[in-house]
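Pasting data31.cif here (mmCIF, C-alpha atoms):
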```
data_run
loop_
_atom_site.label_atom_id
_atom_site.label_comp_id
_atom_site.auth_asym_id
_atom_site.auth_seq_id
_atom_site.Cartn_x
_atom_site.Cartn_y
_atom_site.Cartn_z
CA MET A 1357 101.72 -78.89 -83.36
CA ASN A 1358 103.02 -78.91 -79.81
CA LYS A 1359 100.02 -76.91 -78.68
CA ASN A 1360 97.65 -79.53 -80.08
CA HIS A 1361 99.59 -82.27 -78.35
CA ASN A 1362 99.40 -80.42 -75.05
CA ASP A 1363 95.71 -79.79 -75.50
CA MET A 1364 95.16 -83.48 -76.06
CA LYS A 1365 97.11 -84.29 -72.93
CA ILE A 1366 95.07 -81.84 -70.89
CA LEU A 1367 91.87 -83.18 -72.34
CA LYS A 1368 92.88 -86.74 -71.58
CA THR A 1369 93.84 -85.88 -68.01
CA LEU A 1370 90.65 -83.98 -67.47
CA SER A 1371 88.55 -86.82 -68.84
CA PHE A 1372 90.44 -89.26 -66.67
CA ILE A 1373 89.84 -87.13 -63.57
CA MET A 1374 86.18 -86.77 -64.47
CA LEU A 1375 85.86 -90.48 -64.94
CA VAL A 1376 87.47 -91.16 -61.60
CA LEU A 1377 85.21 -88.62 -59.93
CA LEU A 1378 82.15 -90.13 -61.57
CA VAL A 1379 83.03 -93.64 -60.49
CA PHE A 1380 83.97 -92.45 -57.03
CA SER A 1381 80.81 -90.41 -56.53
CA SER A 1382 78.53 -93.14 -57.77
CA ASN A 1383 80.24 -95.49 -55.35
CA ALA A 1384 79.60 -93.02 -52.57
CA VAL A 1385 75.95 -92.73 -53.55
CA GLN A 1386 75.66 -96.47 -53.70
CA ALA A 1387 77.22 -96.81 -50.30
CA GLN A 1388 74.67 -94.32 -48.97
CA ASN A 1389 71.81 -96.29 -50.45
CA ALA A 1390 73.23 -99.69 -49.52
CA GLU A 1391 70.75 -101.63 -47.51
CA LYS A 1392 72.06 -103.16 -44.35
CA ALA A 1393 71.47 -106.50 -42.76
CA ILE A 1394 70.93 -105.86 -39.07
CA LYS A 1395 71.04 -108.26 -36.17
CA GLY A 1396 71.78 -107.97 -32.49
CA VAL A 1397 71.20 -108.88 -28.87
CA ILE A 1398 68.97 -107.17 -26.32
CA LYS A 1399 69.68 -107.42 -22.60
CA ASP A 1400 68.72 -105.87 -19.33
CA VAL A 1401 70.73 -105.66 -16.11
CA ASP A 1402 69.85 -109.31 -15.33
CA GLY A 1403 70.72 -110.80 -18.70
CA PRO A 1404 69.16 -111.50 -22.11
CA VAL A 1405 65.62 -110.26 -22.70
CA GLU A 1406 63.30 -112.64 -24.51
CA ASN A 1407 60.32 -111.48 -26.57
CA ALA A 1408 61.42 -107.91 -26.96
CA THR A 1409 60.19 -106.42 -30.22
CA VAL A 1410 62.56 -104.66 -32.61
CA VAL A 1411 60.31 -102.77 -34.99
CA LEU A 1412 60.89 -100.50 -37.97
CA LYS A 1413 59.32 -97.30 -36.67
CA GLY A 1414 55.90 -96.61 -38.11
CA THR A 1415 55.56 -100.01 -39.75
CA ASP A 1416 54.62 -103.52 -38.78
CA ILE A 1417 57.95 -104.97 -39.90
CA TYR A 1418 59.66 -106.39 -36.86
CA ALA A 1419 61.81 -109.06 -35.24
CA THR A 1420 61.37 -110.69 -31.82
CA THR A 1421 64.28 -111.63 -29.57
CA ASN A 1422 64.71 -115.29 -28.66
CA SER A 1423 65.61 -116.77 -25.27
CA GLU A 1424 69.17 -115.54 -25.70
CA GLY A 1425 67.98 -112.05 -26.45
CA LYS A 1426 69.12 -112.39 -30.07
CA PHE A 1427 67.31 -111.19 -33.17
CA ILE A 1428 67.82 -110.93 -36.91
CA PHE A 1429 65.92 -108.18 -38.65
CA PRO A 1430 63.89 -109.67 -41.49
CA LYS A 1431 64.38 -106.80 -43.93
CA LEU A 1432 67.43 -104.95 -45.23
CA LEU A 1433 67.44 -101.39 -43.87
CA LYS A 1434 68.50 -98.09 -45.42
CA VAL A 1435 70.86 -95.77 -43.59
CA GLY A 1436 68.88 -93.22 -41.63
CA VAL A 1437 65.81 -95.29 -40.77
CA VAL A 1438 64.85 -95.77 -37.14
CA LEU A 1439 64.32 -99.01 -35.28
CA GLU A 1440 62.54 -99.08 -31.93
CA VAL A 1441 63.23 -101.68 -29.27
CA VAL A 1442 60.03 -102.19 -27.31
CA HIS A 1443 59.19 -104.35 -24.31
CA LEU A 1444 56.62 -103.73 -21.63
CA GLY A 1445 58.25 -102.38 -18.48
CA TYR A 1446 61.26 -100.95 -20.22
CA THR A 1447 61.91 -97.58 -21.76
CA THR A 1448 61.56 -97.80 -25.54
CA VAL A 1449 64.92 -97.24 -27.25
CA PRO A 1450 65.17 -95.68 -30.72
CA ILE A 1451 68.12 -96.74 -32.88
CA ILE A 1452 69.09 -94.80 -35.98
CA ILE A 1453 70.69 -97.03 -38.57
CA LYS A 1454 74.03 -95.54 -39.46
CA GLN A 1455 76.58 -96.25 -42.12
CA ASN A 1456 78.54 -98.53 -39.82
CA THR A 1457 75.63 -100.20 -38.00
CA SER A 1458 75.40 -103.95 -38.38
CA PHE A 1459 75.21 -105.49 -34.90
CA ILE A 1460 73.10 -103.91 -32.18
CA ASN A 1461 74.13 -104.65 -28.62
CA LEU A 1462 71.67 -102.96 -26.31
CA GLU A 1463 70.92 -102.95 -22.60
CA LEU A 1464 67.39 -101.91 -21.77
CA THR A 1465 66.62 -99.80 -18.74
CA ASP A 1466 63.55 -100.19 -16.55
CA TYR A 1467 60.76 -97.78 -17.21
CA VAL A 1468 60.74 -95.23 -14.43
CA ILE A 1469 57.37 -95.39 -12.78
CA GLU A 1470 55.86 -94.95 -9.34
CA ILE A 1471 53.20 -97.55 -8.74
CA ILE A 1472 50.27 -95.75 -7.19
CA GLY A 1473 47.43 -97.95 -6.25
CA VAL A 1474 46.07 -98.27 -2.83
CA LEU A 1475 43.09 -100.09 -1.45
CA ARG A 1476 39.94 -98.38 -0.58
CA MET A 1477 39.52 -97.87 3.10
CA SER A 1478 35.99 -99.13 3.55
CA THR A 1479 33.62 -101.53 1.91
CA ASP A 1480 31.25 -100.27 -0.67
CA GLU A 1481 29.19 -101.71 -3.43
CA ASN A 1482 30.64 -101.72 -6.88
CA SER A 1483 34.16 -100.75 -6.09
CA ASP A 1484 35.85 -99.78 -9.32
CA GLY A 1485 39.55 -100.45 -9.13
CA CYS A 1486 42.47 -98.49 -7.74
CA ASN A 1487 41.76 -96.51 -4.62
CA HIS A 1488 38.42 -98.12 -3.99
CA MET B 1425 12.43 -69.75 -19.92
CA VAL B 1426 15.66 -68.15 -18.78
CA ARG B 1427 16.23 -71.01 -16.36
CA ILE B 1428 15.85 -73.58 -19.15
CA LEU B 1429 18.31 -71.66 -21.31
CA PHE B 1430 20.73 -71.47 -18.41
CA ILE B 1431 20.53 -75.21 -17.81
CA LEU B 1432 21.02 -75.91 -21.50
CA LEU B 1433 24.04 -73.64 -21.64
CA PHE B 1434 25.56 -75.17 -18.56
CA SER B 1435 25.13 -78.72 -19.78
CA TYR B 1436 26.61 -77.78 -23.14
CA SER B 1437 29.80 -76.48 -21.58
CA ALA B 1438 30.00 -79.49 -19.29
CA PHE B 1439 30.03 -81.76 -22.31
CA GLY B 1440 32.46 -79.45 -24.08
CA GLN B 1441 35.26 -81.94 -24.41
CA ILE B 1442 33.55 -85.00 -25.83
CA ASN B 1443 31.39 -82.64 -27.85
CA ASP B 1444 34.50 -81.79 -29.81
CA PHE B 1445 33.95 -85.23 -31.28
CA ALA B 1446 30.16 -85.31 -31.13
CA LYS B 1447 29.85 -86.10 -34.82
CA VAL B 1448 32.36 -88.96 -34.71
CA ASP B 1449 30.95 -92.46 -34.89
CA PHE B 1450 33.20 -94.80 -32.94
CA LYS B 1451 31.60 -97.96 -34.26
CA THR B 1452 34.42 -98.67 -36.69
CA ALA B 1453 37.14 -98.03 -34.13
CA ASP B 1454 35.37 -100.22 -31.58
CA LYS B 1455 34.92 -102.97 -34.15
CA ILE B 1456 38.63 -102.94 -34.98
CA ALA B 1457 39.43 -103.15 -31.29
CA LYS B 1458 37.03 -106.06 -30.84
CA ALA B 1459 38.75 -107.92 -33.68
CA GLN B 1460 41.98 -107.84 -31.67
CA ARG B 1461 40.36 -109.37 -28.62
CA GLY B 1462 42.82 -111.63 -26.83
CA ALA B 1463 45.87 -110.28 -28.65
CA SER B 1464 49.17 -110.63 -26.84
CA LEU B 1465 51.00 -107.79 -25.14
CA GLU B 1466 54.27 -109.44 -26.08
CA GLU B 1467 53.98 -107.90 -29.53
CA LEU B 1468 52.95 -104.40 -28.63
CA PRO B 1469 54.02 -102.40 -31.70
CA GLN B 1470 52.26 -104.91 -33.94
CA LEU B 1471 49.08 -104.68 -31.90
CA VAL B 1472 49.16 -100.90 -32.00
CA HIS B 1473 49.63 -101.01 -35.76
CA LYS B 1474 46.69 -103.37 -36.21
CA LEU B 1475 44.48 -101.18 -34.03
CA THR B 1476 45.28 -97.91 -35.79
CA ALA B 1477 46.44 -98.52 -39.37
CA ASP B 1478 42.94 -98.55 -40.87
CA LEU B 1479 41.60 -95.52 -38.99
CA ASP B 1480 41.92 -92.03 -40.43
CA THR B 1481 41.45 -89.66 -37.51
CA GLU B 1482 43.45 -89.26 -34.33
CA VAL B 1483 40.42 -89.60 -32.08
CA GLU B 1484 39.37 -92.84 -33.73
CA GLN B 1485 42.87 -94.28 -33.49
CA PHE B 1486 43.04 -93.38 -29.82
CA ARG B 1487 39.56 -94.77 -29.28
CA ALA B 1488 40.64 -98.14 -30.70
CA LEU B 1489 43.58 -98.30 -28.30
CA TYR B 1490 41.41 -97.24 -25.35
CA TYR B 1491 38.59 -99.62 -26.20
CA TRP B 1492 41.05 -102.50 -26.55
CA ILE B 1493 42.65 -101.87 -23.16
CA CYS B 1494 39.30 -101.48 -21.42
CA HIS B 1495 38.08 -104.79 -22.83
CA ASN B 1496 41.23 -106.85 -22.42
CA ILE B 1497 43.01 -105.78 -19.24
CA ARG B 1498 41.59 -106.95 -15.94
CA ASN B 1499 41.84 -105.06 -12.69
CA ASP B 1500 43.78 -107.21 -10.23
CA TYR B 1501 42.41 -106.82 -6.71
CA ASN B 1502 45.03 -109.10 -5.20
CA LEU B 1503 47.85 -106.98 -6.57
CA LEU B 1504 46.20 -103.98 -5.00
CA LEU B 1505 45.88 -105.75 -1.64
CA LYS B 1506 49.46 -106.91 -1.74
CA ASN B 1507 50.84 -103.46 -2.50
CA GLU B 1508 48.73 -101.91 0.23
CA ARG B 1509 49.91 -104.47 2.78
CA LYS B 1510 53.59 -104.10 1.96
CA LEU B 1511 53.55 -100.32 1.76
CA LYS B 1512 52.07 -100.27 5.27
CA LYS B 1513 54.50 -102.88 6.55
CA TYR B 1514 57.61 -101.12 5.29
CA ALA B 1515 56.42 -97.59 5.86
CA ASN B 1516 59.15 -96.95 8.40
CA ASP B 1517 61.98 -98.87 6.77
CA SER B 1518 63.17 -97.06 3.68
CA VAL B 1519 65.52 -99.84 2.56
CA LEU B 1520 62.86 -102.55 2.65
CA LEU B 1521 60.36 -100.12 1.19
CA ASN B 1522 62.55 -99.40 -1.81
CA ASP B 1523 63.29 -103.10 -2.25
CA TRP B 1524 59.59 -103.78 -2.23
CA LYS B 1525 58.86 -101.04 -4.75
CA ALA B 1526 61.53 -102.39 -7.11
CA SER B 1527 60.33 -105.97 -6.93
CA PHE B 1528 56.68 -104.98 -7.14
CA LYS B 1529 57.38 -103.03 -10.28
CA LYS B 1530 58.87 -106.15 -11.85
CA GLU B 1531 55.91 -108.22 -10.74
CA LEU B 1532 53.47 -105.65 -12.07
CA PHE B 1533 54.95 -105.68 -15.55
CA LEU B 1534 55.29 -109.46 -15.59
CA LYS B 1535 51.63 -109.89 -14.62
CA LEU B 1536 50.58 -107.30 -17.15
CA ARG B 1537 52.56 -108.90 -19.99
CA SER B 1538 51.71 -112.51 -19.27
CA LYS B 1539 48.26 -112.34 -17.64
CA LYS B 1540 46.89 -108.98 -18.75
CA ARG B 1541 46.04 -108.12 -15.18
CA THR B 1542 47.06 -104.93 -13.47
CA ILE B 1543 46.15 -101.99 -11.26
CA CYS B 1544 45.49 -98.39 -12.19
CA THR B 1545 49.09 -97.34 -12.76
CA GLY B 1546 49.47 -100.33 -15.07
CA TYR B 1547 46.41 -99.33 -17.09
CA ALA B 1548 47.65 -95.77 -17.41
CA TYR B 1549 51.16 -96.89 -18.29
CA LEU B 1550 49.89 -99.26 -20.98
CA LEU B 1551 47.67 -96.61 -22.54
CA LYS B 1552 50.55 -94.14 -22.58
CA GLU B 1553 52.90 -96.70 -24.10
CA MET B 1554 50.46 -97.74 -26.82
CA ALA B 1555 49.49 -94.15 -27.61
CA GLU B 1556 53.15 -93.17 -27.95
CA LEU B 1557 53.81 -96.11 -30.26
CA ALA B 1558 50.99 -94.76 -32.40
CA GLY B 1559 52.67 -91.35 -32.47
CA PHE B 1560 50.58 -89.51 -29.89
CA GLU B 1561 51.62 -87.39 -26.93
CA CYS B 1562 50.14 -89.05 -23.87
CA GLU B 1563 50.77 -88.44 -20.18
CA LEU B 1564 50.47 -90.74 -17.17
CA ILE B 1565 48.97 -88.66 -14.37
CA ASN B 1566 49.16 -89.54 -10.68
CA GLY B 1567 46.87 -88.06 -8.11
CA TYR B 1568 43.86 -88.54 -5.92
CA GLY B 1569 40.73 -90.38 -6.96
CA GLN B 1570 37.53 -89.96 -4.98
CA THR B 1571 34.43 -92.12 -4.65
CA LYS B 1572 31.35 -92.21 -2.43
CA THR B 1573 33.35 -93.63 0.44
CA VAL B 1574 36.94 -92.59 -0.23
CA ARG B 1575 36.90 -88.82 -0.03
CA PHE B 1576 39.64 -86.38 -0.95
CA GLU B 1577 39.77 -85.07 2.62
CA TYR B 1578 40.83 -88.43 3.98
CA LEU B 1579 43.55 -89.19 1.44
CA THR B 1580 47.06 -88.45 2.66
CA SER B 1581 48.94 -89.74 -0.37
CA PRO B 1582 48.09 -90.19 -4.06
CA ASN B 1583 46.06 -93.30 -4.75
CA HIS B 1584 45.19 -93.36 -8.45
CA SER B 1585 46.60 -92.97 -11.96
CA TRP B 1586 44.99 -91.88 -15.22
CA ASN B 1587 45.88 -90.23 -18.55
CA ALA B 1588 45.89 -87.08 -20.59
CA ILE B 1589 46.02 -87.38 -24.39
CA LYS B 1590 46.73 -84.79 -27.04
CA LEU B 1591 44.40 -85.05 -30.04
CA ASN B 1592 44.47 -82.56 -32.90
CA GLY B 1593 46.71 -80.33 -30.80
CA LYS B 1594 44.40 -80.21 -27.79
CA TRP B 1595 44.63 -82.06 -24.48
CA TYR B 1596 41.86 -84.32 -23.16
CA LEU B 1597 41.42 -86.48 -20.06
CA CYS B 1598 40.51 -90.13 -19.65
CA ASP B 1599 40.57 -92.88 -17.06
CA PRO B 1600 41.07 -96.35 -18.56
CA THR B 1601 40.93 -98.05 -15.14
CA TRP B 1602 37.49 -96.71 -14.31
CA SER B 1603 36.31 -97.27 -17.89
CA SER B 1604 37.24 -100.94 -17.82
CA GLY B 1605 34.81 -102.22 -15.21
CA LEU B 1606 34.08 -102.95 -11.58
CA ILE B 1607 35.38 -105.10 -8.74
CA ASP B 1608 32.58 -106.89 -6.93
CA SER B 1609 32.98 -105.93 -3.29
CA SER B 1610 31.76 -109.29 -1.99
CA THR B 1611 33.58 -111.71 -4.29
CA TYR B 1612 36.43 -109.36 -5.27
CA GLU B 1613 36.00 -110.55 -8.83
CA PHE B 1614 36.54 -108.11 -11.63
CA HIS B 1615 33.82 -107.64 -14.25
CA PHE B 1616 34.34 -105.97 -17.59
CA ILE B 1617 31.76 -103.18 -17.88
CA PHE B 1618 32.67 -100.45 -20.35
CA LYS B 1619 32.07 -97.06 -18.75
CA GLU B 1620 32.37 -94.81 -21.74
CA GLU B 1621 31.89 -91.59 -19.78
CA TYR B 1622 35.55 -91.61 -18.71
CA PHE B 1623 36.69 -91.45 -22.35
CA LEU B 1624 37.58 -87.80 -23.00
CA MET B 1625 35.41 -86.61 -20.12
CA ALA B 1626 34.91 -82.85 -19.73
CA PRO B 1627 37.53 -81.38 -17.36
CA ASN B 1628 35.07 -79.87 -14.92
CA GLU B 1629 33.22 -83.16 -14.61
CA PHE B 1630 36.50 -85.10 -14.39
CA ALA B 1631 37.66 -82.82 -11.58
CA GLU B 1632 34.78 -83.95 -9.36
CA ALA B 1633 36.57 -87.22 -8.71
CA HIS B 1634 40.13 -86.67 -9.92
CA ARG B 1635 42.76 -84.38 -8.43
CA PRO B 1636 46.16 -84.60 -10.15
CA LEU B 1637 49.35 -83.98 -8.18
CA ASP B 1638 50.26 -81.44 -10.83
CA SER B 1639 47.29 -79.08 -11.07
CA LYS B 1640 47.98 -78.15 -14.67
CA TRP B 1641 46.53 -81.53 -15.61
CA THR B 1642 43.06 -80.54 -14.44
CA LEU B 1643 42.91 -78.79 -17.84
CA LEU B 1644 40.62 -76.28 -16.16
CA GLU B 1645 40.85 -72.63 -17.15
CA GLY B 1646 42.73 -70.58 -14.64
CA THR B 1647 45.17 -73.35 -13.71
CA ASN B 1648 48.53 -72.97 -15.39
CA ASN B 1649 48.01 -74.76 -18.71
#
```
Have the structure of the file written as C-alpha cells, please.
Amino acid sequence: MNKNHNDMKILKTLSFIMLVLLVFSSNAVQAQNAEKAIKGVIKDVDGPVENATVVLKGTDIYATTNSEGKFIFPKLLKVGVVLEVVHLGYTTVPIIIKQNTSFINLELTDYVIEIIGVLRMSTDENSDGCNH
Amino acid sequence: MVRILFILLFSYSAFGQINDFAKVDFKTADKIAKAQRGASLEELPQLVHKLTADLDTEVEQFRALYYWICHNIRNDYNLLLKNERKLKKYANDSVLLNDWKASFKKELFLKLRSKKRTICTGYAYLLKEMAELAGFECELINGYGQTKTVRFEYLTSPNHSWNAIKLNGKWYLCDPTWSSGLIDSSTYEFHFIFKEEYFLMAPNEFAEAHRPLDSKWTLLEGTNN
C-alpha cells in the first residue's frame, strides 16, 4: 500500500517536473523565435546622418534615416539576421540582431580612400577622364 | 599559312578574358540597367537589388551594375582641376595637404551622391561598393594610366583608379571611368560614350595602358597572383 502511494508521489513529481520543463523550454524556443521591433539613430563624427539606408542583408527591405538620423525598421526581425547600414562615403556596417537588440545607436566612420585623379599634362583630343 | 595560324592563336589568347563569357548575351542585363536610368544613389542597396535580382549569372549581374554606372555617372573635369591645383599648392605643407585631402574626400562623396558626378577614384569606389552589396569580391586598384600624351615614363605618382572583380572564382579587370565616355578637350564637357572594351578586358591588353601600384593586379602570369 505504502509502495503504491510512494510510486504515485514519484510519478506526480516527475510529471510536474516534466510539465515545468516543457513550459520552460517552449518559452525559451519562443523567445528565440520572437521577432524584434528595431529602431535606432545613425550618426557620424559631425552629427546625425540623413538618408542612410538600413537594409536587411540580401533583401530590398529597408529603412531610411531622417534629418535626425533616426529610423524605424519596417519589419519585425528574427534573432540572428543581419542588417547593413549603408551610405556613400562611409564604411558599410553590418549589425547582427541579437536577443537583446532593440535600439541601434551607431556612429559611421568615413570610408578610407585615397583620391587619385590628376589632370593630364598636355592637351589632346578626346581626353577620357582621370589622368588625361 | 603558319603565319595566319599564329595570328589567330595570338588574337585568341588576347581576348581570353572576355572570351570566358563569349556566349553570354548582355542584352537583358543592359536593358535592366537602362530601366534604372536616373535612379538615386541615396538608396544604394535598393538600386543594387533592382539591378541584380532578376539576373541569374554573376557576369550578368556585374554587367548590369557596370552598365548602370557607365551610363549614369558623369566625369567631373572641374573636380579634377581643383584637386590638381590644390595638390600642387600644398605639396610642401603636409598639414594643409592633409586638410585638403580630408575636405576633398567629403566634397567628392557629396558630389557623387547628390549630382552623380565624380572622378576616376569615385567611379572605382562606386563600382566596388555596389558589387560588394551584390555579394561580389571587388577591388579598387590605384596606379598609373597611360594615353597617347601622358606616358608612363613621365608619371611620378599614381594618377588613375580602376577595378578588379571576381566572377565565378576568377579575377577580371575593368575600368568604369574609361568605359563611361570622354571629356571634350575644347569645351571640357563630358559626353557619355560607352566603351565596352574596358569591361573585363584581357590582362595583357589592359596592361598596355594600366600599371597598378600592386603588380599582382596585372593578373598577368608570372606576377605573384
To test your reading of the syntax: which residues would the PyMOL selection byres ((chain B) within 8 of (chain A)) return for the file shown? Reply as an MDAnalysis selection string. chainID B and resid 1465:1470 1473 1499 1501 1504:1505 1507:1508 1525 1529:1530 1533 1537 1543:1546 1558 1566 1569:1571 1573:1574 1582:1585 1601:1602 1605:1609
Please save C-alpha atoms of the selected residues as a CSV table (one decimal), in the frame of the given file.
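The resulting file, selection-v9.csv, is shown below:
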```
chain,number,residue,atom,x,y,z
B,1465,LEU,CA,51.0,-107.8,-25.1
B,1466,GLU,CA,54.3,-109.4,-26.1
B,1467,GLU,CA,54.0,-107.9,-29.5
B,1468,LEU,CA,53.0,-104.4,-28.6
B,1469,PRO,CA,54.0,-102.4,-31.7
B,1470,GLN,CA,52.3,-104.9,-33.9
B,1473,HIS,CA,49.6,-101.0,-35.8
B,1499,ASN,CA,41.8,-105.1,-12.7
B,1501,TYR,CA,42.4,-106.8,-6.7
B,1504,LEU,CA,46.2,-104.0,-5.0
B,1505,LEU,CA,45.9,-105.8,-1.6
B,1507,ASN,CA,50.8,-103.5,-2.5
B,1508,GLU,CA,48.7,-101.9,0.2
B,1525,LYS,CA,58.9,-101.0,-4.8
B,1529,LYS,CA,57.4,-103.0,-10.3
B,1530,LYS,CA,58.9,-106.2,-11.8
B,1533,PHE,CA,55.0,-105.7,-15.6
B,1537,ARG,CA,52.6,-108.9,-20.0
B,1543,ILE,CA,46.2,-102.0,-11.3
B,1544,CYS,CA,45.5,-98.4,-12.2
B,1545,THR,CA,49.1,-97.3,-12.8
B,1546,GLY,CA,49.5,-100.3,-15.1
B,1558,ALA,CA,51.0,-94.8,-32.4
B,1566,ASN,CA,49.2,-89.5,-10.7
B,1569,GLY,CA,40.7,-90.4,-7.0
B,1570,GLN,CA,37.5,-90.0,-5.0
B,1571,THR,CA,34.4,-92.1,-4.6
B,1573,THR,CA,33.4,-93.6,0.4
B,1574,VAL,CA,36.9,-92.6,-0.2
B,1582,PRO,CA,48.1,-90.2,-4.1
B,1583,ASN,CA,46.1,-93.3,-4.8
B,1584,HIS,CA,45.2,-93.4,-8.4
B,1585,SER,CA,46.6,-93.0,-12.0
B,1601,THR,CA,40.9,-98.0,-15.1
B,1602,TRP,CA,37.5,-96.7,-14.3
B,1605,GLY,CA,34.8,-102.2,-15.2
B,1606,LEU,CA,34.1,-103.0,-11.6
B,1607,ILE,CA,35.4,-105.1,-8.7
B,1608,ASP,CA,32.6,-106.9,-6.9
B,1609,SER,CA,33.0,-105.9,-3.3
```
Within 8 Å of Leu1532 (chain B) using only C-alpha atoms, minus same-chain residues under 4 positions, as a tab-separated table (two decimals) with C-alpha atoms, in the frame of the given file:
```
chain	number	residue	atom	x	y	z
B	1503	LEU	CA	47.85	-106.98	-6.57
B	1528	PHE	CA	56.68	-104.98	-7.14
B	1536	LEU	CA	50.58	-107.30	-17.15
B	1542	THR	CA	47.06	-104.93	-13.47
B	1546	GLY	CA	49.47	-100.33	-15.07
```
Near Glu1482 (chain B), counting all atoms listed in the file, which residues have an atom at most 8 Å away, once you skip same-chain residues fewer than 4 positions from it, shown as a PDB file with C-alpha atoms, in the frame of the given file?
```
ATOM      1  CA  PHE B1486      43.040 -93.380 -29.820  1.00  0.00           C
ATOM      2  CA  LEU B1591      44.400 -85.050 -30.040  1.00  0.00           C
ATOM      3  CA  ASN B1592      44.470 -82.560 -32.900  1.00  0.00           C
TER       4      ASN B1592
END
```
Give the answer as one residue: which of B:Lys1513, B:Arg1635, B:Lys1455, B:Lys1540 has the shortest atom-to-atom distance to Asp1500 (chain B), using only C-alpha atoms?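 Nearest to Asp1500 (chain B): B:Lys1540.
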Anything within 12 Å of (46.9, -98.1, -36.3): list those residues as an NGL selection string, counting all atoms listed in the file and sticking to the file's coordinates. (:A and (1414-1416)) or (:B and (1453 or 1456-1457 or 1460 or 1468-1489 or 1554-1560))
Atom pair CA of Tyr1622 (chain B) / CA of Trp1492 (chain B): separation (Å):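 For CA of Tyr1622 (chain B) relative to CA of Trp1492 (chain B), the distance reads 14.5 Å.
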For the PyMOL selection byres ((chain A and resi 1394) around 7), applied here, can you spell out every residue it catches as a short mmCIF file (atom, residue, chain, number, x, y, z; two decimals) with C-alpha atoms, in the coordinates of the input?
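Result file is expr.cif:
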```cif
data_model
loop_
_atom_site.label_atom_id
_atom_site.label_comp_id
_atom_site.auth_asym_id
_atom_site.auth_seq_id
_atom_site.Cartn_x
_atom_site.Cartn_y
_atom_site.Cartn_z
CA LYS A 1392 72.06 -103.16 -44.35
CA ALA A 1393 71.47 -106.50 -42.76
CA LYS A 1395 71.04 -108.26 -36.17
CA GLY A 1396 71.78 -107.97 -32.49
CA ILE A 1428 67.82 -110.93 -36.91
CA PHE A 1429 65.92 -108.18 -38.65
CA SER A 1458 75.40 -103.95 -38.38
CA PHE A 1459 75.21 -105.49 -34.90
#
```
